[in-house]
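What follows is the content of target.cif, which has mmCIF, N, CA and C atoms:
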data_query
loop_
_atom_site.label_atom_id
_atom_site.label_comp_id
_atom_site.auth_asym_id
_atom_site.auth_seq_id
_atom_site.Cartn_x
_atom_site.Cartn_y
_atom_site.Cartn_z
N MET A 20 -4.71 105.10 -210.29
CA MET A 20 -4.64 104.59 -208.93
C MET A 20 -3.93 103.24 -208.96
N ALA A 21 -3.08 102.99 -207.98
CA ALA A 21 -2.35 101.74 -207.85
C ALA A 21 -2.96 100.91 -206.73
N VAL A 22 -2.71 99.62 -206.79
CA VAL A 22 -3.19 98.69 -205.76
C VAL A 22 -1.97 98.10 -205.06
N PHE A 23 -1.95 98.16 -203.75
CA PHE A 23 -0.81 97.69 -202.97
C PHE A 23 -1.23 96.62 -201.98
N SER A 24 -0.28 95.80 -201.60
CA SER A 24 -0.43 94.83 -200.52
C SER A 24 0.79 94.98 -199.62
N GLY A 25 0.65 94.62 -198.38
CA GLY A 25 1.81 94.70 -197.51
C GLY A 25 1.47 94.64 -196.05
N GLU A 26 2.45 95.05 -195.26
CA GLU A 26 2.31 95.02 -193.81
C GLU A 26 3.14 96.17 -193.23
N VAL A 27 2.56 96.86 -192.27
CA VAL A 27 3.26 97.93 -191.55
C VAL A 27 3.19 97.58 -190.07
N THR A 28 4.34 97.58 -189.42
CA THR A 28 4.41 97.31 -187.99
C THR A 28 4.70 98.61 -187.26
N ILE A 29 3.79 98.99 -186.37
CA ILE A 29 3.90 100.22 -185.62
C ILE A 29 4.10 99.88 -184.15
N LYS A 30 5.09 100.51 -183.54
CA LYS A 30 5.37 100.30 -182.12
C LYS A 30 4.94 101.54 -181.35
N VAL A 31 4.19 101.34 -180.29
CA VAL A 31 3.75 102.45 -179.44
C VAL A 31 4.20 102.16 -178.02
N LYS A 32 5.01 103.07 -177.49
CA LYS A 32 5.46 102.97 -176.10
C LYS A 32 4.74 104.07 -175.32
N PHE A 33 4.38 103.76 -174.08
CA PHE A 33 3.73 104.77 -173.26
C PHE A 33 4.30 104.74 -171.84
N LYS A 34 4.16 105.87 -171.16
CA LYS A 34 4.73 106.00 -169.82
C LYS A 34 3.76 106.84 -168.98
N ASN A 35 3.55 106.42 -167.75
CA ASN A 35 2.72 107.16 -166.79
C ASN A 35 1.27 107.34 -167.26
N LEU A 36 0.70 106.32 -167.88
CA LEU A 36 -0.69 106.37 -168.34
C LEU A 36 -1.60 105.89 -167.22
N LYS A 37 -2.51 106.72 -166.79
CA LYS A 37 -3.45 106.36 -165.72
C LYS A 37 -4.71 105.77 -166.34
N VAL A 38 -5.02 104.53 -165.94
CA VAL A 38 -6.18 103.80 -166.45
C VAL A 38 -6.90 103.16 -165.28
N ALA A 39 -8.20 103.26 -165.27
CA ALA A 39 -9.00 102.62 -164.22
C ALA A 39 -8.83 101.10 -164.30
N VAL A 40 -8.73 100.45 -163.15
CA VAL A 40 -8.53 99.01 -163.08
C VAL A 40 -9.76 98.38 -162.42
N GLY A 41 -10.10 97.17 -162.88
CA GLY A 41 -11.16 96.44 -162.22
C GLY A 41 -12.46 96.38 -162.98
N TYR A 42 -12.53 97.01 -164.12
CA TYR A 42 -13.77 97.00 -164.89
C TYR A 42 -13.71 96.01 -166.06
N GLY A 43 -12.60 95.28 -166.18
CA GLY A 43 -12.45 94.33 -167.27
C GLY A 43 -12.14 94.99 -168.60
N MET A 44 -11.88 96.28 -168.57
CA MET A 44 -11.65 97.03 -169.80
C MET A 44 -10.25 97.64 -169.85
N THR A 45 -9.41 97.36 -168.88
CA THR A 45 -8.09 97.98 -168.80
C THR A 45 -7.29 97.76 -170.08
N SER A 46 -7.19 96.52 -170.52
CA SER A 46 -6.43 96.20 -171.73
C SER A 46 -7.02 96.88 -172.96
N ALA A 47 -8.35 96.89 -173.05
CA ALA A 47 -9.01 97.53 -174.20
C ALA A 47 -8.76 99.03 -174.22
N ILE A 48 -8.76 99.65 -173.06
CA ILE A 48 -8.52 101.10 -172.97
C ILE A 48 -7.09 101.41 -173.39
N ILE A 49 -6.13 100.62 -172.93
CA ILE A 49 -4.73 100.83 -173.28
C ILE A 49 -4.54 100.67 -174.79
N LYS A 50 -5.11 99.62 -175.37
CA LYS A 50 -4.99 99.40 -176.82
C LYS A 50 -5.63 100.54 -177.59
N HIS A 51 -6.80 100.98 -177.14
CA HIS A 51 -7.50 102.08 -177.82
C HIS A 51 -6.63 103.35 -177.80
N LYS A 52 -6.06 103.67 -176.65
CA LYS A 52 -5.21 104.86 -176.53
C LYS A 52 -3.98 104.77 -177.43
N CYS A 53 -3.37 103.58 -177.51
CA CYS A 53 -2.20 103.39 -178.37
C CYS A 53 -2.54 103.59 -179.83
N VAL A 54 -3.64 102.99 -180.28
CA VAL A 54 -4.05 103.14 -181.68
C VAL A 54 -4.42 104.59 -181.97
N GLU A 55 -5.08 105.23 -181.03
CA GLU A 55 -5.46 106.63 -181.17
C GLU A 55 -4.22 107.50 -181.35
N GLN A 56 -3.18 107.25 -180.58
CA GLN A 56 -1.95 108.04 -180.69
C GLN A 56 -1.20 107.74 -181.98
N ALA A 57 -1.25 106.49 -182.45
CA ALA A 57 -0.64 106.17 -183.74
C ALA A 57 -1.33 106.96 -184.84
N TYR A 58 -2.66 107.04 -184.80
CA TYR A 58 -3.42 107.82 -185.78
C TYR A 58 -3.11 109.31 -185.67
N ALA A 59 -2.94 109.81 -184.46
CA ALA A 59 -2.68 111.24 -184.26
C ALA A 59 -1.37 111.68 -184.91
N THR A 60 -0.45 110.75 -185.15
CA THR A 60 0.83 111.11 -185.78
C THR A 60 0.73 111.20 -187.30
N SER A 61 -0.37 110.76 -187.87
CA SER A 61 -0.54 110.80 -189.33
C SER A 61 -0.63 112.25 -189.82
N PRO A 62 -0.01 112.54 -190.95
CA PRO A 62 -0.08 113.90 -191.49
C PRO A 62 -1.51 114.34 -191.85
N TRP A 63 -2.39 113.39 -192.08
CA TRP A 63 -3.77 113.71 -192.47
C TRP A 63 -4.75 113.58 -191.31
N SER A 64 -4.24 113.33 -190.13
CA SER A 64 -5.11 113.16 -188.97
C SER A 64 -5.83 114.47 -188.62
N LYS A 65 -7.10 114.34 -188.28
CA LYS A 65 -7.88 115.48 -187.84
C LYS A 65 -7.74 115.69 -186.33
N MET A 66 -6.96 114.84 -185.70
CA MET A 66 -6.80 114.95 -184.24
C MET A 66 -5.33 115.15 -183.85
N ARG A 67 -4.58 115.83 -184.71
CA ARG A 67 -3.17 116.08 -184.42
C ARG A 67 -2.97 116.83 -183.10
N GLU A 68 -3.94 117.67 -182.74
CA GLU A 68 -3.83 118.41 -181.48
C GLU A 68 -4.02 117.50 -180.27
N SER A 69 -4.42 116.25 -180.49
CA SER A 69 -4.62 115.29 -179.40
C SER A 69 -3.37 114.47 -179.11
N LYS A 70 -2.25 114.78 -179.78
CA LYS A 70 -1.02 114.03 -179.51
C LYS A 70 -0.65 114.16 -178.04
N ASP A 71 -0.31 113.04 -177.45
CA ASP A 71 0.00 112.96 -176.03
C ASP A 71 1.49 112.67 -175.87
N GLU A 72 2.18 113.50 -175.13
CA GLU A 72 3.63 113.38 -174.96
C GLU A 72 4.03 112.11 -174.20
N ARG A 73 3.09 111.44 -173.55
CA ARG A 73 3.40 110.20 -172.83
C ARG A 73 3.58 109.01 -173.78
N PHE A 74 3.26 109.21 -175.07
CA PHE A 74 3.33 108.14 -176.06
C PHE A 74 4.45 108.41 -177.06
N GLU A 75 5.14 107.34 -177.43
CA GLU A 75 6.16 107.40 -178.47
C GLU A 75 5.76 106.41 -179.57
N VAL A 76 5.52 106.92 -180.77
CA VAL A 76 5.06 106.09 -181.88
C VAL A 76 6.19 105.95 -182.89
N THR A 77 6.50 104.70 -183.26
CA THR A 77 7.58 104.41 -184.20
C THR A 77 7.10 103.42 -185.26
N ILE A 78 7.42 103.69 -186.52
CA ILE A 78 7.19 102.71 -187.58
C ILE A 78 8.39 101.77 -187.55
N GLU A 79 8.15 100.52 -187.16
CA GLU A 79 9.25 99.56 -187.03
C GLU A 79 9.61 98.90 -188.35
N ARG A 80 8.59 98.56 -189.11
CA ARG A 80 8.83 97.83 -190.36
C ARG A 80 7.74 98.18 -191.34
N GLU A 81 8.12 98.29 -192.60
CA GLU A 81 7.15 98.61 -193.65
C GLU A 81 7.51 97.79 -194.89
N GLU A 82 6.63 96.88 -195.24
CA GLU A 82 6.81 96.06 -196.44
C GLU A 82 5.59 96.27 -197.32
N VAL A 83 5.78 96.98 -198.41
CA VAL A 83 4.67 97.28 -199.31
C VAL A 83 5.09 96.93 -200.72
N SER A 84 4.22 96.25 -201.43
CA SER A 84 4.52 95.91 -202.82
C SER A 84 3.29 96.24 -203.67
N ASP A 85 3.53 96.54 -204.92
CA ASP A 85 2.42 96.85 -205.82
C ASP A 85 1.80 95.56 -206.33
N TYR A 86 0.59 95.66 -206.77
CA TYR A 86 -0.18 94.53 -207.26
C TYR A 86 0.35 94.13 -208.61
N LYS A 87 0.58 92.85 -208.83
CA LYS A 87 1.07 92.35 -210.13
C LYS A 87 -0.02 91.60 -210.84
#
Once more with this new file: its structure as structure tokens, please.
Amino acid sequence: MAVFSGEVTIKVKFKNLKVAVGYGMTSAIIKHKCVEQAYATSPWSKMRESKDERFEVTIEREEVSDYK
């Protein structure tokens, strides 16, 4: 097993997402949905059938190095 350090930047764009407003949770709901869709794109995700066509997930940057 190897040990890695790094950073991965994931961009999630969404369109026509309906979210309830006024409960103080709008931002949290949007963030939750974005992270959920990023996970749904993983090859090992158990929720691949939950992919939503309103979301576009892109890996913007990936910097990974092995432990020295």
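For the residues A:Ala47, A:Val38, A:Val31, A:Ala59, ranking by smallest atom-to-atom distance to Glu75 in chain A using only N, CA and C atoms places A:Val31 first.
Shortest atom-to-atom contact with Gln56 in chain A among A:Val22, A:Val76, A:Met44, A:Ala39: A:Val76, counting only N, CA and C atoms.
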(request) Would you mind reading off the distance between atom N of His51 in chain A and atom C of Val83 in chain A, one decimal, in Å? (result) 26.7 Å
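Across A:Thr28, A:Glu55, A:Gly41, A:Ile48, the tightest approach to Ser69 in chain A is made by A:Glu55 when counting only N, CA and C atoms.
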(request) Rounded to one decimal place, report the atom N of Tyr58 in chain A-atom C of Ala21 in chain A distance in Å. (result) 22.8 Å
Write down as a PDB file with N, CA and C atoms, in the coordinates of the input the residues of chain A whose backbone DSSP state falls under helix (DSSP H, G or I).
ATOM      1  N   THR A  45      -9.410  97.360-168.880  1.00  0.00           N
ATOM      2  CA  THR A  45      -8.090  97.980-168.800  1.00  0.00           C
ATOM      3  C   THR A  45      -7.290  97.760-170.080  1.00  0.00           C
ATOM      4  N   SER A  46      -7.190  96.520-170.520  1.00  0.00           N
ATOM      5  CA  SER A  46      -6.430  96.200-171.730  1.00  0.00           C
ATOM      6  C   SER A  46      -7.020  96.880-172.960  1.00  0.00           C
ATOM      7  N   ALA A  47      -8.350  96.890-173.050  1.00  0.00           N
ATOM      8  CA  ALA A  47      -9.010  97.530-174.200  1.00  0.00           C
ATOM      9  C   ALA A  47      -8.760  99.030-174.220  1.00  0.00           C
ATOM     10  N   ILE A  48      -8.760  99.650-173.060  1.00  0.00           N
ATOM     11  CA  ILE A  48      -8.520 101.100-172.970  1.00  0.00           C
ATOM     12  C   ILE A  48      -7.090 101.410-173.390  1.00  0.00           C
ATOM     13  N   ILE A  49      -6.130 100.620-172.930  1.00  0.00           N
ATOM     14  CA  ILE A  49      -4.730 100.830-173.280  1.00  0.00           C
ATOM     15  C   ILE A  49      -4.540 100.670-174.790  1.00  0.00           C
ATOM     16  N   LYS A  50      -5.110  99.620-175.370  1.00  0.00           N
ATOM     17  CA  LYS A  50      -4.990  99.400-176.820  1.00  0.00           C
ATOM     18  C   LYS A  50      -5.630 100.540-177.590  1.00  0.00           C
ATOM     19  N   HIS A  51      -6.800 100.980-177.140  1.00  0.00           N
ATOM     20  CA  HIS A  51      -7.500 102.080-177.820  1.00  0.00           C
ATOM     21  C   HIS A  51      -6.630 103.350-177.800  1.00  0.00           C
ATOM     22  N   LYS A  52      -6.060 103.670-176.650  1.00  0.00           N
ATOM     23  CA  LYS A  52      -5.210 104.860-176.530  1.00  0.00           C
ATOM     24  C   LYS A  52      -3.980 104.770-177.430  1.00  0.00           C
ATOM     25  N   CYS A  53      -3.370 103.580-177.510  1.00  0.00           N
ATOM     26  CA  CYS A  53      -2.200 103.390-178.370  1.00  0.00           C
ATOM     27  C   CYS A  53      -2.540 103.590-179.830  1.00  0.00           C
ATOM     28  N   VAL A  54      -3.640 102.990-180.280  1.00  0.00           N
ATOM     29  CA  VAL A  54      -4.050 103.140-181.680  1.00  0.00           C
ATOM     30  C   VAL A  54      -4.420 104.590-181.970  1.00  0.00           C
ATOM     31  N   GLU A  55      -5.080 105.230-181.030  1.00  0.00           N
ATOM     32  CA  GLU A  55      -5.460 106.630-181.170  1.00  0.00           C
ATOM     33  C   GLU A  55      -4.220 107.500-181.350  1.00  0.00           C
ATOM     34  N   GLN A  56      -3.180 107.250-180.580  1.00  0.00           N
ATOM     35  CA  GLN A  56      -1.950 108.040-180.690  1.00  0.00           C
ATOM     36  C   GLN A  56      -1.200 107.740-181.980  1.00  0.00           C
ATOM     37  N   ALA A  57      -1.250 106.490-182.450  1.00  0.00           N
ATOM     38  CA  ALA A  57      -0.640 106.170-183.740  1.00  0.00           C
ATOM     39  C   ALA A  57      -1.330 106.960-184.840  1.00  0.00           C
ATOM     40  N   TYR A  58      -2.660 107.040-184.800  1.00  0.00           N
ATOM     41  CA  TYR A  58      -3.420 107.820-185.780  1.00  0.00           C
ATOM     42  C   TYR A  58      -3.110 109.310-185.670  1.00  0.00           C
ATOM     43  N   ALA A  59      -2.940 109.810-184.460  1.00  0.00           N
ATOM     44  CA  ALA A  59      -2.680 111.240-184.260  1.00  0.00           C
ATOM     45  C   ALA A  59      -1.370 111.680-184.910  1.00  0.00           C
ATOM     46  N   ARG A  67      -4.580 115.830-184.710  1.00  0.00           N
ATOM     47  CA  ARG A  67      -3.170 116.080-184.420  1.00  0.00           C
ATOM     48  C   ARG A  67      -2.970 116.830-183.100  1.00  0.00           C
ATOM     49  N   GLU A  68      -3.940 117.670-182.740  1.00  0.00           N
ATOM     50  CA  GLU A  68      -3.830 118.410-181.480  1.00  0.00           C
ATOM     51  C   GLU A  68      -4.020 117.500-180.270  1.00  0.00           C
ATOM     52  N   SER A  69      -4.420 116.250-180.490  1.00  0.00           N
ATOM     53  CA  SER A  69      -4.620 115.290-179.400  1.00  0.00           C
ATOM     54  C   SER A  69      -3.370 114.470-179.110  1.00  0.00           C
TER      55      SER A  69
END
(request) Mind giving me the straight-line distance from CA of Asn35 in chain A to CA of Glu72 in chain A in Å, one decimal? (result) 10.3 Å
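Each of A:Lys37, A:Ile29, A:Gly43, A:Phe23 was compared to Glu81 in chain A using only C-alpha atoms, and A:Ile29 turns out to be the nearest.
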(request) Identify, with DSSP run on backbone atoms, the residues in chain A assigned to strand (DSSP E), and express the list as an MDAnalysis selection string. (result) chainID A and resid 23:33 74:85
(message) Using all atoms listed in the file, which protein or nucleic acid residues come within 6 Å of Ser24 in chain A? Drop anything in the same chain fewer than 3 positions from it, and give the result as a PyMOL selection string.
(response) chain A and resi 82-86
(request) Using all atoms listed in the file, collect all residues at a distance of at most 6.5 Å from (3.2, 99.0, -187.1) as written in the file, then present them as a PyMOL selection string. (result) chain A and resi 27-30+77-80
Using only the atoms of range 36-47 of chain A listed in the file, plus 5 Å on each side, state the axis-aligned box centre and edge lengths in Å rounded to one decimal, as lines of an AutoDock Vina configuration file.
center_x = -6.5
center_y = 100.5
center_z = -168.2
size_x = 24.5
size_y = 22.4
size_z = 22.0
(request) May I have the residues within 9 Å of Arg73 in chain A as JSON, numbers by chain, using only C-alpha atoms and disregarding those fewer than 5 positions away in the same chain? (result) {"A": [32, 33, 34, 35, 36]}
